[in-house]
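Chemist: Just one file: query.txt, with compact mmCIF, C-alpha atoms.
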```txt
# COMPACT_ATOMS: atom_id res chain seq x y z
CA MET A 633 17.37 55.25 -21.91
CA PRO A 634 14.10 56.70 -23.18
CA ILE A 635 12.93 54.19 -25.81
CA GLU A 636 9.42 54.78 -27.09
CA ILE A 637 7.08 54.34 -30.01
CA PRO A 638 7.71 57.24 -32.39
CA ARG A 639 5.10 59.83 -33.28
CA PRO A 640 3.92 60.34 -36.87
CA SER A 641 5.68 63.72 -36.85
CA ASP A 642 9.02 61.97 -36.18
CA LEU A 643 9.44 60.81 -39.80
CA PRO A 644 11.74 63.69 -40.87
CA ALA A 645 13.94 63.13 -37.80
CA ILE A 646 14.10 59.38 -38.43
CA LEU A 647 15.16 60.04 -42.02
CA ASP A 648 17.78 62.51 -40.74
CA VAL A 649 19.15 59.80 -38.42
CA THR A 650 19.28 57.39 -41.35
CA ARG A 651 21.22 59.88 -43.47
CA SER A 652 23.53 60.93 -40.62
CA THR A 653 25.02 57.45 -40.31
CA GLY A 654 26.81 57.99 -43.61
CA VAL A 655 26.24 54.32 -44.50
CA PHE A 656 22.85 54.13 -46.18
CA SER A 657 22.16 54.92 -49.84
CA GLN A 658 19.31 57.17 -50.95
CA GLU A 659 17.37 54.04 -51.93
CA GLU A 660 17.80 52.71 -48.38
CA VAL A 661 16.66 56.04 -46.89
CA GLU A 662 13.56 55.85 -49.10
CA THR A 663 12.96 52.30 -47.85
CA VAL A 664 13.02 53.53 -44.25
CA GLN A 665 10.41 56.13 -45.23
CA GLU A 666 8.26 53.46 -46.87
CA LEU A 667 8.44 51.21 -43.81
CA PHE A 668 7.64 54.10 -41.45
CA GLU A 669 4.62 55.04 -43.56
CA GLY A 670 3.51 51.40 -43.32
CA PHE A 671 3.99 51.57 -39.55
CA LEU A 672 1.70 54.62 -39.48
CA ASP A 673 -1.01 52.50 -41.14
CA GLY A 674 -0.68 50.20 -38.12
CA PRO A 675 1.81 47.45 -37.32
CA GLU A 676 -1.00 44.89 -37.36
CA VAL A 677 -1.65 45.86 -41.01
CA SER A 678 1.89 46.50 -42.29
CA GLY A 679 3.90 44.19 -40.04
CA TYR A 680 6.35 47.03 -39.31
CA ASN A 681 7.06 48.17 -35.76
CA PHE A 682 9.25 51.15 -34.91
CA LEU A 683 10.94 52.15 -31.68
CA SER A 684 12.89 55.35 -31.19
CA TYR A 685 15.40 56.77 -28.76
CA ARG A 686 14.45 60.28 -27.79
CA ASP A 687 16.80 62.77 -26.14
CA GLY A 688 14.45 65.58 -25.18
CA GLU A 689 12.66 66.29 -28.43
CA ALA A 690 15.49 65.01 -30.65
CA ILE A 691 15.43 61.50 -32.13
CA GLY A 692 18.86 59.93 -31.65
CA GLY A 693 18.12 56.52 -33.08
CA PHE A 694 15.47 54.07 -34.18
CA ALA A 695 14.80 50.41 -34.79
CA CYS A 696 12.33 48.80 -37.19
CA TRP A 697 11.28 45.19 -36.79
CA GLY A 698 8.37 42.91 -37.54
CA PRO A 699 7.20 39.32 -37.54
CA THR A 700 8.68 37.18 -40.28
CA ALA A 701 6.03 36.06 -42.77
CA LEU A 702 5.07 32.38 -42.50
CA SER A 703 7.04 31.92 -39.26
CA LYS A 704 5.50 31.36 -35.85
CA GLY A 705 8.66 32.34 -33.96
CA ALA A 706 10.90 34.64 -35.99
CA VAL A 707 11.04 38.40 -36.31
CA ASP A 708 13.11 40.37 -38.77
CA LEU A 709 15.13 43.29 -37.47
CA TYR A 710 14.99 45.48 -40.57
CA TRP A 711 16.83 48.56 -39.36
CA ILE A 712 18.66 49.84 -36.35
CA ALA A 713 20.38 53.18 -36.68
CA THR A 714 21.77 55.82 -34.37
CA SER A 715 22.61 59.36 -35.31
CA ALA A 716 26.26 60.29 -35.65
CA LYS A 717 25.95 62.28 -32.38
CA ALA A 718 24.49 59.32 -30.46
CA GLN A 719 26.88 56.63 -31.67
CA GLY A 720 29.04 55.02 -29.00
CA LYS A 721 26.69 56.06 -26.19
CA GLY A 722 24.69 52.85 -25.79
CA VAL A 723 21.72 53.98 -27.87
CA GLY A 724 21.99 51.11 -30.37
CA ALA A 725 22.29 48.55 -27.56
CA ALA A 726 19.26 50.02 -25.78
CA LEU A 727 17.23 49.88 -29.00
CA PHE A 728 18.37 46.31 -29.65
CA ARG A 729 17.36 45.21 -26.13
CA ALA A 730 13.98 46.93 -26.61
CA VAL A 731 13.41 44.96 -29.83
CA VAL A 732 14.34 41.74 -28.02
CA GLU A 733 11.83 42.48 -25.27
CA ALA A 734 9.09 43.47 -27.74
CA ALA A 735 9.67 40.30 -29.78
CA ARG A 736 9.62 38.19 -26.61
CA ALA A 737 6.38 39.88 -25.50
CA ALA A 738 4.92 39.00 -28.91
CA GLY A 739 5.70 35.33 -28.27
CA ARG A 740 8.61 35.18 -30.73
CA TRP A 741 11.88 33.36 -30.07
CA LEU A 742 14.23 34.18 -32.94
CA ILE A 743 15.56 37.47 -34.30
CA VAL A 744 16.88 37.45 -37.89
CA ILE A 745 19.01 40.28 -39.28
CA TRP A 746 20.14 40.70 -42.89
CA THR A 747 23.11 42.95 -43.56
CA SER A 748 25.83 43.52 -46.11
CA SER A 749 29.45 42.40 -46.22
CA ARG A 750 30.55 45.83 -47.49
CA PRO A 751 33.37 47.37 -45.42
CA GLU A 752 31.16 50.27 -44.27
CA TYR A 753 28.87 47.71 -42.60
CA GLN A 754 31.69 46.25 -40.47
CA ALA A 755 30.58 48.33 -37.47
CA ALA A 756 27.05 46.91 -37.80
CA ARG A 757 28.31 43.34 -38.06
CA SER A 758 30.52 43.84 -34.99
CA PHE A 759 27.59 45.40 -33.13
CA TYR A 760 25.35 42.39 -33.78
CA GLN A 761 28.08 40.06 -32.57
CA ARG A 762 28.49 42.13 -29.38
CA MET A 763 24.74 41.81 -28.87
CA GLY A 764 25.13 38.02 -28.89
CA CYS A 765 24.03 37.35 -32.47
CA GLN A 766 25.64 34.63 -34.53
CA LEU A 767 26.58 34.92 -38.19
CA THR A 768 24.40 32.05 -39.43
CA VAL A 769 24.59 32.47 -43.21
CA ARG A 770 26.92 34.26 -45.60
CA LEU A 771 25.58 34.15 -49.13
CA PRO A 772 28.19 35.29 -51.69
CA ASP A 773 27.35 37.93 -54.31
CA PHE A 774 23.78 38.36 -53.02
CA TYR A 775 23.46 42.15 -53.20
CA ASP A 776 26.01 42.58 -55.97
CA TYR A 777 29.18 40.97 -57.22
CA GLY A 778 31.52 40.98 -54.23
CA GLU A 779 28.79 42.05 -51.81
CA ASP A 780 27.57 39.16 -49.69
CA LEU A 781 24.43 38.81 -47.62
CA CYS A 782 25.31 38.25 -43.95
CA VAL A 783 22.45 36.82 -41.90
CA PHE A 784 22.75 37.09 -38.13
CA THR A 785 20.40 35.33 -35.71
CA LEU A 786 19.70 35.49 -32.01
CA ARG A 787 17.67 32.91 -30.08
CA ILE A 788 15.89 35.09 -27.54
CA ASP A 789 14.17 32.12 -25.89
CA GLN A 790 17.60 31.07 -24.63
CA LEU A 791 18.38 34.46 -23.04
CA GLN A 792 17.63 35.48 -19.49
CA ALA A 793 14.48 37.58 -19.38
```
In C-alpha cells, how does this file's structure come out?

Modeler:
Amino acid sequence: MPIEIPRPSDLPAILDVTRSTGVFSQEEVETVQELFEGFLDGPEVSGYNFLSYRDGEAIGGFACWGPTALSKGAVDLYWIATSAKAQGKGVGAALFRAVVEAARAAGRWLIVIWTSSRPEYQAARSFYQRMGCQLTVRLPDFYDYGEDLCVFTLRIDQLQA
C-alpha cells in the first residue's frame, strides 16, 4: 500500500478523512489541523509526524505519531483514521505497521495509544487489539462522567522486524 509523508497541500484532504469517519467531534478535527500545522513546522520542532495512505491523488487515511516527552523509548500514536471509503481494506493496518517501522527506526520500543471507552470507539479499540496492542490502563471518568480513558500499548522491540 502506498504509505508516504503527506504534502502540505494535503491538509484539507486529511481533515476530510477525519470528518468522514463519523466518530470525531469538531474539536477533534481542529486538533488534527493543529497537529498537522505543527508537522509542517517540522517534526523535529513539533514532535508530530504524519504518514498518509494515498490512492492516486486521494488521501484515504493518515496516522499521526511522535516521541513521548521525557521518554527514551515510547512514542504516542495520536491519530489513525481511514476514510469511510477506505475502511475495511487494510489501510488502517498498513498505516499502523508504517508507524511501528518508523518508531523502530527512531530507536523507540513502545507505542502508547489513548482512546475513549465511548461505544463509537469500539471499532478503534478492536482494531488496536487486532494489531497486537494490549489494553494496559482503563481510567474511569477521564474524559467525562461515564467516558473512560483506554490506554493501549505495544512493545515493538518484542516483534519480528

Chemist: Residues near segment 701-715 of chain A, anyone? I mean within 7 Å using only C-alpha atoms, not counting same-chain ones fewer than 3 positions away, as a list in words.

Modeler: Val649, Thr650, Ser652, Thr653, Gly692, Gly693, Phe694, Ala695, Cys696, Trp697, Gly698, Ala718, Gln719, Val723, Gly724, Ala735, Arg740, Trp741, Leu742, Ile743, Val744 and Ile745 of chain A

Chemist: Take the residues from that selection and write them out as a PDB file, in the coordinates of the input, keeping C-alpha atoms.

Modeler:
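The resulting file, part35.pdb, is reproduced below:
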```pdb
ATOM      1  CA  VAL A 649      19.150  59.800 -38.420  1.00  0.00           C
ATOM      2  CA  THR A 650      19.280  57.390 -41.350  1.00  0.00           C
ATOM      3  CA  SER A 652      23.530  60.930 -40.620  1.00  0.00           C
ATOM      4  CA  THR A 653      25.020  57.450 -40.310  1.00  0.00           C
ATOM      5  CA  GLY A 692      18.860  59.930 -31.650  1.00  0.00           C
ATOM      6  CA  GLY A 693      18.120  56.520 -33.080  1.00  0.00           C
ATOM      7  CA  PHE A 694      15.470  54.070 -34.180  1.00  0.00           C
ATOM      8  CA  ALA A 695      14.800  50.410 -34.790  1.00  0.00           C
ATOM      9  CA  CYS A 696      12.330  48.800 -37.190  1.00  0.00           C
ATOM     10  CA  TRP A 697      11.280  45.190 -36.790  1.00  0.00           C
ATOM     11  CA  GLY A 698       8.370  42.910 -37.540  1.00  0.00           C
ATOM     12  CA  ALA A 718      24.490  59.320 -30.460  1.00  0.00           C
ATOM     13  CA  GLN A 719      26.880  56.630 -31.670  1.00  0.00           C
ATOM     14  CA  VAL A 723      21.720  53.980 -27.870  1.00  0.00           C
ATOM     15  CA  GLY A 724      21.990  51.110 -30.370  1.00  0.00           C
ATOM     16  CA  ALA A 735       9.670  40.300 -29.780  1.00  0.00           C
ATOM     17  CA  ARG A 740       8.610  35.180 -30.730  1.00  0.00           C
ATOM     18  CA  TRP A 741      11.880  33.360 -30.070  1.00  0.00           C
ATOM     19  CA  LEU A 742      14.230  34.180 -32.940  1.00  0.00           C
ATOM     20  CA  ILE A 743      15.560  37.470 -34.300  1.00  0.00           C
ATOM     21  CA  VAL A 744      16.880  37.450 -37.890  1.00  0.00           C
ATOM     22  CA  ILE A 745      19.010  40.280 -39.280  1.00  0.00           C
TER      23      ILE A 745
END
```

Chemist: Find, counting only C-alpha atoms, the residue in A:Leu683, A:Gly764, A:Arg639, A:Ser758 that gets nearest to Leu727 of chain A.

Modeler: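 Of A:Leu683, A:Gly764, A:Arg639, A:Ser758, the one nearest Leu727 of chain A, counting only C-alpha atoms, is A:Leu683.
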
Chemist: Report, in Å with one decimal, the straight-line distance from atom CA of Leu786 of chain A to atom CA of Thr768 of chain A.

Modeler: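 These two atoms are separated by 9.4 Å.
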
Chemist: Tell me, in Å to one decimal, how far atom CA of Arg736 of chain A is from atom CA of Val661 of chain A.

Modeler: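 Going from atom CA of Arg736 of chain A over to atom CA of Val661 of chain A, I get 27.9 Å.
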
Chemist: I'd like to know which of A:Ala645, A:Ala725, A:Met763, A:Ile788 is closest to Ala738 of chain A, using only C-alpha atoms.

Modeler: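 For Ala738 of chain A, the nearest of the given residues is A:Ile788.
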
Chemist: Any idea what the distance is between atom CA of Arg770 of chain A and atom CA of Cys782 of chain A?

Modeler: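 According to the coordinates, atom CA of Arg770 of chain A and atom CA of Cys782 of chain A are separated by 4.6 Å.
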
Chemist: Check the smallest atom-to-atom distance from each of A:Ala690, A:Ile637, A:Leu781, A:Ile646 to Arg750 of chain A using only C-alpha atoms, then report the winner.

Modeler: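 The closest residue to Arg750 of chain A is A:Leu781.
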
Chemist: If we count all atoms listed in the file and set the cut-off at 7 Å, which residues sit around segment 665-669 of chain A, ignoring sequence neighbours fewer than 3 positions away in its own chain? Please answer as a list in words.

Modeler: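 Result of the neighbour search: Leu647, Val661, Glu662, Leu672, Asp673 and Tyr680 of chain A.
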
Chemist: Which residue gives the smallest distance to Ala755 of chain A among A:Gln792, A:Glu733, A:Val655, A:Phe784, with all atoms listed in the file counted?

Modeler: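 Ranking A:Gln792, A:Glu733, A:Val655, A:Phe784 by distance to Ala755 of chain A, first place goes to A:Val655.
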
Chemist: Taking all atoms of segment 763-774 of chain A that the file lists, what box with edges along x, y and z, padded by 6 Å per side, do you get, with centre and edge lengths in Å to one decimal, as lines of an AutoDock Vina configuration file?

Modeler:
```
center_x = 26.0
center_y = 36.9
center_z = -41.6
size_x = 16.4
size_y = 21.8
size_z = 37.4
```

Chemist: Smallest atom-to-atom distance to Asp789 of chain A: which of A:Gly739, A:Pro751, A:Ser684, A:Gln761, using only C-alpha atoms?

Modeler: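 Using only C-alpha atoms, Asp789 of chain A sits closest to A:Gly739.
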
Chemist: Would you mind telling me which residue in A:Leu771, A:Glu779, A:Val664, A:Gln790 lies nearest to Glu752 of chain A when using all atoms listed in the file?

Modeler: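 Between A:Leu771, A:Glu779, A:Val664, A:Gln790, the residue approaching Glu752 of chain A most closely is A:Glu779.
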
Chemist: Starting from the incomplete input, reconstruct N, CA and C atoms of segment 714-730 of chain A and report them as a tab-separated table (two decimals), in the coordinates of the input.

Modeler:
```
chain	number	residue	atom	x	y	z
A	714	THR	N	21.61	54.73	-35.33
A	714	THR	CA	21.77	55.82	-34.37
A	714	THR	C	22.42	56.99	-35.09
A	715	SER	N	22.04	58.17	-34.69
A	715	SER	CA	22.61	59.36	-35.31
A	715	SER	C	24.11	59.41	-35.02
A	716	ALA	N	24.81	60.14	-35.84
A	716	ALA	CA	26.26	60.29	-35.65
A	716	ALA	C	26.56	60.80	-34.23
A	717	LYS	N	25.74	61.71	-33.72
A	717	LYS	CA	25.95	62.28	-32.38
A	717	LYS	C	25.72	61.26	-31.27
A	718	ALA	N	24.85	60.29	-31.51
A	718	ALA	CA	24.49	59.32	-30.46
A	718	ALA	C	25.31	58.05	-30.50
A	719	GLN	N	26.12	57.87	-31.55
A	719	GLN	CA	26.88	56.63	-31.67
A	719	GLN	C	27.91	56.51	-30.56
A	720	GLY	N	28.08	55.29	-30.07
A	720	GLY	CA	29.04	55.02	-29.00
A	720	GLY	C	28.54	55.36	-27.62
A	721	LYS	N	27.25	55.66	-27.49
A	721	LYS	CA	26.69	56.06	-26.19
A	721	LYS	C	25.67	55.05	-25.66
A	722	GLY	N	25.60	53.87	-26.27
A	722	GLY	CA	24.69	52.85	-25.79
A	722	GLY	C	23.29	52.91	-26.37
A	723	VAL	N	23.05	53.83	-27.29
A	723	VAL	CA	21.72	53.98	-27.87
A	723	VAL	C	21.35	52.74	-28.69
A	724	GLY	N	22.26	52.29	-29.55
A	724	GLY	CA	21.99	51.11	-30.37
A	724	GLY	C	21.71	49.89	-29.51
A	725	ALA	N	22.50	49.70	-28.46
A	725	ALA	CA	22.29	48.55	-27.56
A	725	ALA	C	20.95	48.65	-26.86
A	726	ALA	N	20.56	49.85	-26.44
A	726	ALA	CA	19.26	50.02	-25.78
A	726	ALA	C	18.12	49.72	-26.75
A	727	LEU	N	18.25	50.17	-27.99
A	727	LEU	CA	17.23	49.88	-29.00
A	727	LEU	C	17.17	48.38	-29.29
A	728	PHE	N	18.34	47.74	-29.39
A	728	PHE	CA	18.37	46.31	-29.65
A	728	PHE	C	17.67	45.55	-28.52
A	729	ARG	N	18.00	45.88	-27.28
A	729	ARG	CA	17.36	45.21	-26.13
A	729	ARG	C	15.84	45.45	-26.14
A	730	ALA	N	15.41	46.64	-26.54
A	730	ALA	CA	13.98	46.93	-26.61
A	730	ALA	C	13.29	46.07	-27.67
```
